[in-house]
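Take a look at the structure set out below.
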Amino acid sequence: VSLVLALLLVRRLERNADPALKAATLRVGLLHLPTGRFADMGSGAVVKRDAGECYILTAAHVLVGYRARRARDEYAGPDCLLTLGVYEGDAKPARWVAWASCVTPDSLLRSCSDDGATLQDLAVLKVGGALALDPPAYGKAQNAFSRFEVAARSDDPAEGVGRMPPPLELDRSRRALAHGADLSVCGWASWRDSMRQPYLDRSRCLGVDSGLIRSRLWVHAGSSGGPCVNAASQVVGVVSHDNDAHADPKRLWSSHRAATALTPAPALPPAVHA
């Protein structure tokens, strides 16, 4: 944990850049209602929003577990609730404001890459309504060991959509990323260490292999599903995983599932793809 915090302090200036990217990056939580504890947590990006609907792009493993052989089933059950937290400023915790459902079919959530074990790792969520939790935020004082209860919940999607930030644009060109292309990534990293603000990093593309964008962008547990954007601030992928070499930046690499893997229904609703 201390090494992670040291890296965060070294890159403090980078975190304070690009407020639009941070604002569009949501904290995504999988709240287990009987215990009031979060079973898992990640990040996501608003990619479509209008008066009545709002869609969020995230990583499938936030919902079903990273390895298919360890897949979870709770995300779709009555005992779990997908919660969405918004950025309210630097050094402030994410405030829970809405709930969502997953619109990506379960078979696609659990679909694997060529190795047969690693998930393709893309999921689309749809805002279902407004939400208030008690405690209302997730940060230093309220964390993975806290108990959260639903204080209020609306089933009117418009109420939840009204609490969502402006969307990021999806890169629809489907052009391959060039080696050395500028990339940025944002996510609510280190959720079990109660990090209070989204972490933003910049680096360059090291290549694309089997639909995964490789880079040296710094990510950590909780960053999963956060947006990876190009120089035009268009979403080109979502955070998937890294090689866990956080203590050695020269060895660190991370992988981001390319958004080009998204296709019209059933993987991506036509309203988002259009």
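Residue numbers start at 1 in each chain; chains themselves are named A, B, ... in the order of the structure tokens; ligands are numbered from 1 in the order shown.
Summary of the local environment: counting only C-alpha atoms, residues at most 10 Å from Val208 (chain A), other than itself and those fewer than 4 positions away along its chain, are Ala176, Leu177, Ala178, His179, Leu212, Ile213, Arg214, Ser215, Ser255, His256, Arg257 and Ala258 of chain A.
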At a cut-off of 12 Å, can you tabulate as JSON lines every residue of region 75-125 of chain A near region 26-47 of chain A together with its closest atom pair and the distance in Å to one decimal, using only C-alpha atoms and ordering rows by chain then number?
{"residue": "A:Tyr75", "atom": "CA", "partner": "A:Leu30", "partner_atom": "CA", "distance": 6.8}
{"residue": "A:Ala76", "atom": "CA", "partner": "A:Leu30", "partner_atom": "CA", "distance": 10.1}
{"residue": "A:Gly77", "atom": "CA", "partner": "A:His32", "partner_atom": "CA", "distance": 9.7}
{"residue": "A:Pro78", "atom": "CA", "partner": "A:Leu33", "partner_atom": "CA", "distance": 8.5}
{"residue": "A:Asp79", "atom": "CA", "partner": "A:Leu33", "partner_atom": "CA", "distance": 5.3}
{"residue": "A:Cys80", "atom": "CA", "partner": "A:His32", "partner_atom": "CA", "distance": 4.6}
{"residue": "A:Leu81", "atom": "CA", "partner": "A:Leu31", "partner_atom": "CA", "distance": 5.2}
{"residue": "A:Leu82", "atom": "CA", "partner": "A:Leu30", "partner_atom": "CA", "distance": 4.9}
{"residue": "A:Thr83", "atom": "CA", "partner": "A:Gly29", "partner_atom": "CA", "distance": 4.9}
{"residue": "A:Leu84", "atom": "CA", "partner": "A:Val28", "partner_atom": "CA", "distance": 5.0}
{"residue": "A:Gly85", "atom": "CA", "partner": "A:Arg27", "partner_atom": "CA", "distance": 4.7}
{"residue": "A:Val86", "atom": "CA", "partner": "A:Leu26", "partner_atom": "CA", "distance": 5.3}
{"residue": "A:Tyr87", "atom": "CA", "partner": "A:Leu26", "partner_atom": "CA", "distance": 6.9}
{"residue": "A:Glu88", "atom": "CA", "partner": "A:Leu26", "partner_atom": "CA", "distance": 10.6}
{"residue": "A:Pro93", "atom": "CA", "partner": "A:Arg27", "partner_atom": "CA", "distance": 9.9}
{"residue": "A:Ala94", "atom": "CA", "partner": "A:Arg27", "partner_atom": "CA", "distance": 6.8}
{"residue": "A:Arg95", "atom": "CA", "partner": "A:Arg27", "partner_atom": "CA", "distance": 8.8}
{"residue": "A:Trp96", "atom": "CA", "partner": "A:Arg27", "partner_atom": "CA", "distance": 8.5}
{"residue": "A:Val97", "atom": "CA", "partner": "A:Leu26", "partner_atom": "CA", "distance": 10.3}
{"residue": "A:Ala98", "atom": "CA", "partner": "A:Val28", "partner_atom": "CA", "distance": 10.0}
{"residue": "A:Trp99", "atom": "CA", "partner": "A:Val28", "partner_atom": "CA", "distance": 9.2}
{"residue": "A:Ala100", "atom": "CA", "partner": "A:Val28", "partner_atom": "CA", "distance": 9.3}
{"residue": "A:Ser101", "atom": "CA", "partner": "A:Leu30", "partner_atom": "CA", "distance": 10.8}
{"residue": "A:Cys102", "atom": "CA", "partner": "A:Leu30", "partner_atom": "CA", "distance": 11.5}
{"residue": "A:Leu122", "atom": "CA", "partner": "A:Gly44", "partner_atom": "CA", "distance": 10.5}
{"residue": "A:Ala123", "atom": "CA", "partner": "A:Gly44", "partner_atom": "CA", "distance": 9.5}
{"residue": "A:Val124", "atom": "CA", "partner": "A:Gly44", "partner_atom": "CA", "distance": 9.2}
{"residue": "A:Leu125", "atom": "CA", "partner": "A:Gly44", "partner_atom": "CA", "distance": 9.0}
Residue selection dump (N, CA and C atoms) as a short mmCIF file (atom, residue, chain, number, x, y, z; two decimals), in the first residue's frame:
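out39.cif was written with the following content:
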data_model
loop_
_atom_site.label_atom_id
_atom_site.label_comp_id
_atom_site.auth_asym_id
_atom_site.auth_seq_id
_atom_site.Cartn_x
_atom_site.Cartn_y
_atom_site.Cartn_z
N TYR A 75 -24.31 -10.35 -9.49
CA TYR A 75 -24.62 -9.04 -10.07
C TYR A 75 -26.06 -8.94 -10.56
N ALA A 76 -26.66 -10.06 -10.99
CA ALA A 76 -28.00 -10.04 -11.55
C ALA A 76 -29.06 -10.47 -10.54
N GLY A 77 -28.65 -10.82 -9.34
CA GLY A 77 -29.59 -11.34 -8.36
C GLY A 77 -30.25 -10.25 -7.54
N PRO A 78 -31.31 -10.60 -6.82
CA PRO A 78 -32.04 -9.62 -6.02
C PRO A 78 -31.26 -9.11 -4.81
N ASP A 79 -30.20 -9.82 -4.43
CA ASP A 79 -29.43 -9.42 -3.26
C ASP A 79 -28.35 -8.41 -3.57
N CYS A 80 -28.14 -8.08 -4.84
CA CYS A 80 -27.08 -7.14 -5.20
C CYS A 80 -27.65 -5.97 -5.99
N LEU A 81 -27.00 -4.84 -5.85
CA LEU A 81 -27.42 -3.61 -6.53
C LEU A 81 -26.20 -2.94 -7.13
N LEU A 82 -26.28 -2.61 -8.42
CA LEU A 82 -25.20 -1.88 -9.08
C LEU A 82 -25.38 -0.40 -8.78
N THR A 83 -24.41 0.19 -8.11
CA THR A 83 -24.51 1.58 -7.67
C THR A 83 -23.51 2.45 -8.45
N LEU A 84 -23.88 3.71 -8.66
CA LEU A 84 -23.06 4.63 -9.43
C LEU A 84 -22.74 5.86 -8.59
N GLY A 85 -21.43 6.14 -8.47
CA GLY A 85 -20.98 7.30 -7.72
C GLY A 85 -20.34 8.32 -8.63
N VAL A 86 -20.53 9.61 -8.34
CA VAL A 86 -20.03 10.67 -9.21
C VAL A 86 -18.92 11.47 -8.54
N TYR A 87 -18.08 12.03 -9.39
CA TYR A 87 -16.99 12.91 -8.98
C TYR A 87 -17.57 14.27 -8.59
N GLU A 88 -17.14 14.77 -7.41
CA GLU A 88 -17.62 16.07 -6.94
C GLU A 88 -16.49 17.04 -6.67
N PRO A 93 -14.83 12.48 -1.80
CA PRO A 93 -15.23 11.10 -2.13
C PRO A 93 -16.33 11.07 -3.18
N ALA A 94 -16.49 9.92 -3.82
CA ALA A 94 -17.58 9.74 -4.79
C ALA A 94 -18.91 9.66 -4.04
N ARG A 95 -19.89 10.39 -4.52
CA ARG A 95 -21.22 10.37 -3.91
C ARG A 95 -22.14 9.45 -4.71
N TRP A 96 -22.81 8.54 -4.01
CA TRP A 96 -23.72 7.61 -4.67
C TRP A 96 -24.99 8.35 -5.08
N VAL A 97 -25.33 8.31 -6.37
CA VAL A 97 -26.46 9.11 -6.84
C VAL A 97 -27.45 8.32 -7.69
N ALA A 98 -27.08 7.13 -8.17
CA ALA A 98 -27.96 6.39 -9.07
C ALA A 98 -27.65 4.90 -9.00
N TRP A 99 -28.57 4.11 -9.53
CA TRP A 99 -28.35 2.67 -9.66
C TRP A 99 -28.51 2.30 -11.13
N ALA A 100 -28.02 1.12 -11.49
CA ALA A 100 -28.02 0.71 -12.89
C ALA A 100 -28.28 -0.78 -13.01
N SER A 101 -28.62 -1.19 -14.22
CA SER A 101 -28.71 -2.61 -14.56
C SER A 101 -27.76 -2.88 -15.71
N CYS A 102 -27.37 -4.13 -15.84
CA CYS A 102 -26.47 -4.50 -16.93
C CYS A 102 -27.31 -4.94 -18.13
N LEU A 122 -15.85 -6.46 -21.59
CA LEU A 122 -16.62 -5.25 -21.86
C LEU A 122 -18.04 -5.46 -21.36
N ALA A 123 -18.62 -4.42 -20.79
CA ALA A 123 -20.01 -4.48 -20.33
C ALA A 123 -20.63 -3.11 -20.46
N VAL A 124 -21.92 -3.08 -20.71
CA VAL A 124 -22.67 -1.83 -20.81
C VAL A 124 -23.76 -1.84 -19.75
N LEU A 125 -23.82 -0.75 -18.97
CA LEU A 125 -24.83 -0.57 -17.94
C LEU A 125 -25.82 0.51 -18.38
#
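The spacing separating CA of Val236 (chain A) from CA of Ser184 (chain A) amounts to 10.0 Å.
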DSSP-assigned alpha helix (DSSP H) among region 47-254 of chain A, expressed as number ranges by chain | A: 61-64, 106-109, 157-161
